[in-house]
Amino acid sequence: MDFSSSDCYRFKTFIENMNDAIVVENESGELVLANQAFCDLFNITASPDDIVGIDCAYSAQQSKHLFKDPERFIERKNEILRNKEPVGHEVLEMVGDKFLERDFIPIFEKGSYVGLVWVFKDLTAHYQMQSQLVMLTETIREQSLTDSLTGVGNRRYLDSELPRYSDYAKRHNTPLCIAIVDIDFFKSVNDEYGHEIGDQALVHVANYLKTSIRSSDLIGRMGGEEFMIVMPETSLEDAKKRILDLHASYRPPANLNKRMTFSVGMSCVSGDEDYKVTLSRADQALYEAKREGRNRVVVSEA
């Protein structure tokens with residue numbers, strides 16, 4: 001390829017002023033043209049003019065350490081050269097969390113292969129922005145499913161997760177138990193100590209419940225002073241024992257000079273019934289616990 005003609009000169013000037021890294025090889029694999037963006041991207045200290053004539057295969061070997069998978073970089077490059085087919089928008093991962101997009105353009109004159117053009121676009125900023133967007137989206141999603149006061153899941157979280165837990169129990173024919181926890185006489189805490197202390201009491205109960213359950217269990221705040229605990233793969237007998245132990249071991253926060261207790265209503269999914277039926281039974285069991293004097297656990301069997 002001769003860059004002495006006016007057309008080729010304009011092509012050379014155009015390449016030199018592009019932001020993308022560009023290198024042109026002849027049919028023998030010698031570098032005949034590169035721009036400053038190419039030198040910058042591949043940490044080449046020499047000027048584009050100074051690297052004209054070098055063996056591109058050797059240059060690739062010298063640069064392979066810049067890539068996350070050096071041997072794959074060389075292997076794929078050689079594969080592209082053998083096929084001599086255009087390649088577009090191929091993403092390469094470099095060390096240091098950098099990403100490139102690679103294009104390969106073979107050049108033919110009168111049916112004969114005379115060289116090629118490599119184009120490299122730095123996508124690092126794009127991928128960083130994409131990663132930040134994913135993180136931001138996940139943060140927003142988590143916030144939308146988290147109770148801002150207690151840090152446990154909110155009602156939306158419970159509504160989204162309960163069907164999943166129920167489907168798993170039906171598919172695998174395993175038991176699923178649901179407990180509803182309600183702080184007794186909570187209104188009197190707010191009335192006597194103020195809402196700030198009341199909020200601290202809610203956080204205290206939430207933390208106690210969260211640290212008392214298994215990692216496989218589900219916990220969320222239904223609203224007000226009500227919480228829900230979902231226990232997968234747990235029989236009614238085992239769930240009852242766990243909830244009774246949890247209930248008996250609770251102690252109110254030290255800054256509350258007042259006895260604080262909670263009541264629990266519990267039930268387990270029976271057969272293929274809708275979890276909403278189980279939830280309704282647990283709610284009814286909670287009502288019974290309140291009616292019988294509070295500070296107790298009532299279990300509703302199907």
# chains A, B, ... in the order shown; residues from 1 in each chain; ligands from 1
$ residues_around --residues "segment 273-277 of chain A" --least-positions-apart "3" --cutoff "8 Å" --atoms "only C-alpha atoms" --output "PyMOL selection string"
chain A and resi 162-163+166+269-270+280-281
$ residues_around --residues "Asn173 of chain A" --least-positions-apart "4" --cutoff "10 Å" --atoms "only C-alpha atoms" --output "list in words"
Asp167, Tyr168, Ala169, Glu233, Gly271 and Asp272 of chain A
$ select_by_dssp --residues "segment 165-225 of chain A" --states "strand (DSSP E or B)" --output "list of chain:residue names"
A:Leu176, A:Cys177, A:Ile178, A:Ala179, A:Ile180, A:Val181, A:Asp182, A:Ile183, A:Leu218, A:Ile219, A:Gly220, A:Arg221, A:Met222, A:Gly223
$ atom_distance --atom1 "atom CA of Tyr165 of chain A" --atom2 "atom CA of Val134 of chain A"
25.9 Å
$ atom_distance --atom1 "atom CA of Leu41 of chain A" --atom2 "atom CA of Ala21 of chain A"
7.0 Å
$ select_by_dssp --residues "segment 38-144 of chain A" --states "alpha helix (DSSP H)" --output "ChimeraX atom specification"
/A:38-41,56-63,70-83,124-144
$ closest_residue --among "A:Asn295, A:Gln36, A:Asn190, A:Asn207" --to "Gly220 of chain A" --atoms "only C-alpha atoms"
A:Asn207
$ closest_residue --among "A:Leu256, A:Val117, A:Leu244, A:Val181" --to "Glu225 of chain A" --atoms "only C-alpha atoms"
A:Val181
$ closest_residue --among "A:Glu101, A:Asp245, A:Lys110, A:Asn17" --to "Thr124 of chain A" --atoms "only C-alpha atoms"
A:Glu101
$ atom_distance --atom1 "atom CA of Lys241 of chain A" --atom2 "atom CA of Val297 of chain A"
10.3 Å
$ residues_around --residues "segment 51-63 of chain A" --least-positions-apart "5" --cutoff "9 Å" --atoms "only C-alpha atoms" --output "ChimeraX atom specification"
/A:25,28-34,42-43,46,70,73-74,77-78
$ write_last_selection --atoms "all heavy atoms" --output "compact mmCIF listing (two decimals), in the first residue's frame"
# COMPACT_ATOMS: atom_id res chain seq x y z
N GLU A 25 -1.81 -2.72 8.37
CA GLU A 25 -0.74 -3.65 8.03
C GLU A 25 -0.77 -3.92 6.53
O GLU A 25 -1.82 -3.88 5.90
CB GLU A 25 -0.92 -4.98 8.76
CG GLU A 25 -0.86 -4.94 10.26
CD GLU A 25 -1.04 -6.34 10.87
OE1 GLU A 25 -0.68 -7.33 10.18
OE2 GLU A 25 -1.54 -6.42 12.00
N SER A 28 2.30 -8.46 4.15
CA SER A 28 3.41 -9.18 4.79
C SER A 28 3.36 -9.09 6.31
O SER A 28 4.22 -9.64 7.00
CB SER A 28 4.75 -8.64 4.28
OG SER A 28 4.84 -8.77 2.87
N GLY A 29 2.37 -8.37 6.84
CA GLY A 29 2.26 -8.24 8.29
C GLY A 29 3.10 -7.13 8.86
O GLY A 29 3.33 -7.09 10.07
N GLU A 30 3.57 -6.20 7.98
CA GLU A 30 4.35 -5.06 8.47
C GLU A 30 3.42 -3.87 8.70
O GLU A 30 2.48 -3.64 7.93
CB GLU A 30 5.42 -4.68 7.46
CG GLU A 30 6.48 -5.73 7.26
CD GLU A 30 7.46 -5.33 6.17
OE1 GLU A 30 7.09 -4.48 5.33
OE2 GLU A 30 8.58 -5.88 6.13
N LEU A 31 3.71 -3.11 9.74
CA LEU A 31 2.91 -1.94 10.03
C LEU A 31 3.28 -0.82 9.05
O LEU A 31 4.46 -0.47 8.92
CB LEU A 31 3.15 -1.49 11.48
CG LEU A 31 2.24 -0.40 12.05
CD1 LEU A 31 2.05 -0.58 13.55
CD2 LEU A 31 2.78 1.00 11.76
N VAL A 32 2.26 -0.30 8.36
CA VAL A 32 2.52 0.76 7.40
C VAL A 32 1.92 2.10 7.82
O VAL A 32 2.27 3.14 7.27
CB VAL A 32 2.01 0.39 5.99
CG1 VAL A 32 2.78 -0.81 5.44
CG2 VAL A 32 0.51 0.08 6.00
N LEU A 33 1.01 2.03 8.82
CA LEU A 33 0.39 3.27 9.28
C LEU A 33 -0.25 3.06 10.64
O LEU A 33 -0.90 2.04 10.87
CB LEU A 33 -0.68 3.75 8.28
CG LEU A 33 -1.44 5.02 8.64
CD1 LEU A 33 -0.50 6.22 8.69
CD2 LEU A 33 -2.56 5.29 7.62
N ALA A 34 -0.05 4.01 11.52
CA ALA A 34 -0.71 3.98 12.84
C ALA A 34 -0.94 5.42 13.26
O ALA A 34 -0.28 6.34 12.76
CB ALA A 34 0.14 3.25 13.86
N PHE A 42 -1.84 1.43 23.54
CA PHE A 42 -1.00 0.26 23.78
C PHE A 42 0.33 0.61 24.46
O PHE A 42 1.28 -0.16 24.43
CB PHE A 42 -0.75 -0.48 22.46
CG PHE A 42 -1.96 -1.23 21.98
CD1 PHE A 42 -2.87 -0.61 21.12
CD2 PHE A 42 -2.22 -2.52 22.41
CE1 PHE A 42 -3.99 -1.29 20.69
CE2 PHE A 42 -3.34 -3.20 21.98
CZ PHE A 42 -4.24 -2.59 21.11
N ASN A 43 0.35 1.80 25.08
CA ASN A 43 1.52 2.22 25.88
C ASN A 43 2.82 2.20 25.09
O ASN A 43 3.88 1.80 25.58
CB ASN A 43 1.68 1.35 27.13
CG ASN A 43 0.49 1.44 28.06
OD1 ASN A 43 -0.26 2.42 28.03
ND2 ASN A 43 0.30 0.42 28.89
N ALA A 46 7.14 5.30 21.44
CA ALA A 46 7.61 5.83 20.15
C ALA A 46 6.46 6.52 19.41
O ALA A 46 5.29 6.27 19.69
CB ALA A 46 8.17 4.70 19.29
N PRO A 70 -3.97 -13.04 27.82
CA PRO A 70 -2.97 -12.75 26.78
C PRO A 70 -2.93 -13.78 25.65
O PRO A 70 -2.86 -13.41 24.48
CB PRO A 70 -1.64 -12.73 27.56
CG PRO A 70 -2.02 -12.50 28.98
CD PRO A 70 -3.34 -13.14 29.16
N PHE A 73 -5.84 -13.53 23.36
CA PHE A 73 -5.71 -12.35 22.50
C PHE A 73 -4.92 -12.70 21.24
O PHE A 73 -5.32 -12.38 20.12
CB PHE A 73 -5.03 -11.22 23.27
CG PHE A 73 -4.55 -10.08 22.40
CD1 PHE A 73 -5.47 -9.23 21.78
CD2 PHE A 73 -3.19 -9.87 22.18
CE1 PHE A 73 -5.03 -8.20 20.96
CE2 PHE A 73 -2.75 -8.84 21.37
CZ PHE A 73 -3.67 -8.00 20.76
N ILE A 74 -3.78 -13.39 21.42
CA ILE A 74 -2.93 -13.78 20.28
C ILE A 74 -3.65 -14.83 19.42
O ILE A 74 -3.65 -14.75 18.18
CB ILE A 74 -1.58 -14.33 20.77
CG1 ILE A 74 -0.79 -13.23 21.52
CG2 ILE A 74 -0.77 -14.88 19.61
CD1 ILE A 74 -0.42 -12.04 20.65
N LYS A 77 -6.39 -13.22 17.39
CA LYS A 77 -5.81 -12.36 16.35
C LYS A 77 -5.36 -13.22 15.16
O LYS A 77 -5.64 -12.89 14.00
CB LYS A 77 -4.63 -11.59 16.92
CG LYS A 77 -3.84 -10.77 15.88
CD LYS A 77 -2.63 -10.12 16.52
CE LYS A 77 -1.82 -9.35 15.47
NZ LYS A 77 -1.20 -10.25 14.47
N ASN A 78 -4.68 -14.32 15.46
CA ASN A 78 -4.21 -15.20 14.39
C ASN A 78 -5.37 -15.84 13.63
O ASN A 78 -5.31 -16.03 12.41
CB ASN A 78 -3.29 -16.28 14.96
CG ASN A 78 -1.98 -15.69 15.48
OD1 ASN A 78 -1.56 -14.60 15.06
ND2 ASN A 78 -1.33 -16.40 16.40
$ residues_around --residues "Ile219 of chain A" --least-positions-apart "6" --cutoff "8 Å" --atoms "only C-alpha atoms" --output "ChimeraX atom specification"
/A:152-153,158,209-210,227-230
$ closest_residue --among "A:Tyr113, A:Tyr193, A:Phe11, A:Tyr250" --to "Lys84 of chain A" --atoms "only C-alpha atoms"
A:Tyr113
$ closest_residue --among "A:Tyr287, A:Phe186, A:Tyr127, A:Phe120" --to "Asp97 of chain A" --atoms "only C-alpha atoms"
A:Tyr127
$ residues_around --residues "Asp147 of chain A" --least-positions-apart "2" --cutoff "12 Å" --atoms "only C-alpha atoms" --output "PyMOL selection string"
chain A and resi 142-145+149-158+202-203+206+219-224+227
$ closest_residue --among "A:His247, A:Lys290, A:His172, A:Lys187" --to "Pro232 of chain A" --atoms "only C-alpha atoms"
A:His172
$ residues_around --residues "Ala179 of chain A" --least-positions-apart "5" --cutoff "10 Å" --atoms "only C-alpha atoms" --output "ChimeraX atom specification"
/A:219,227-231,239-240,243,264-268,278-279,281-283,285-286,297-299
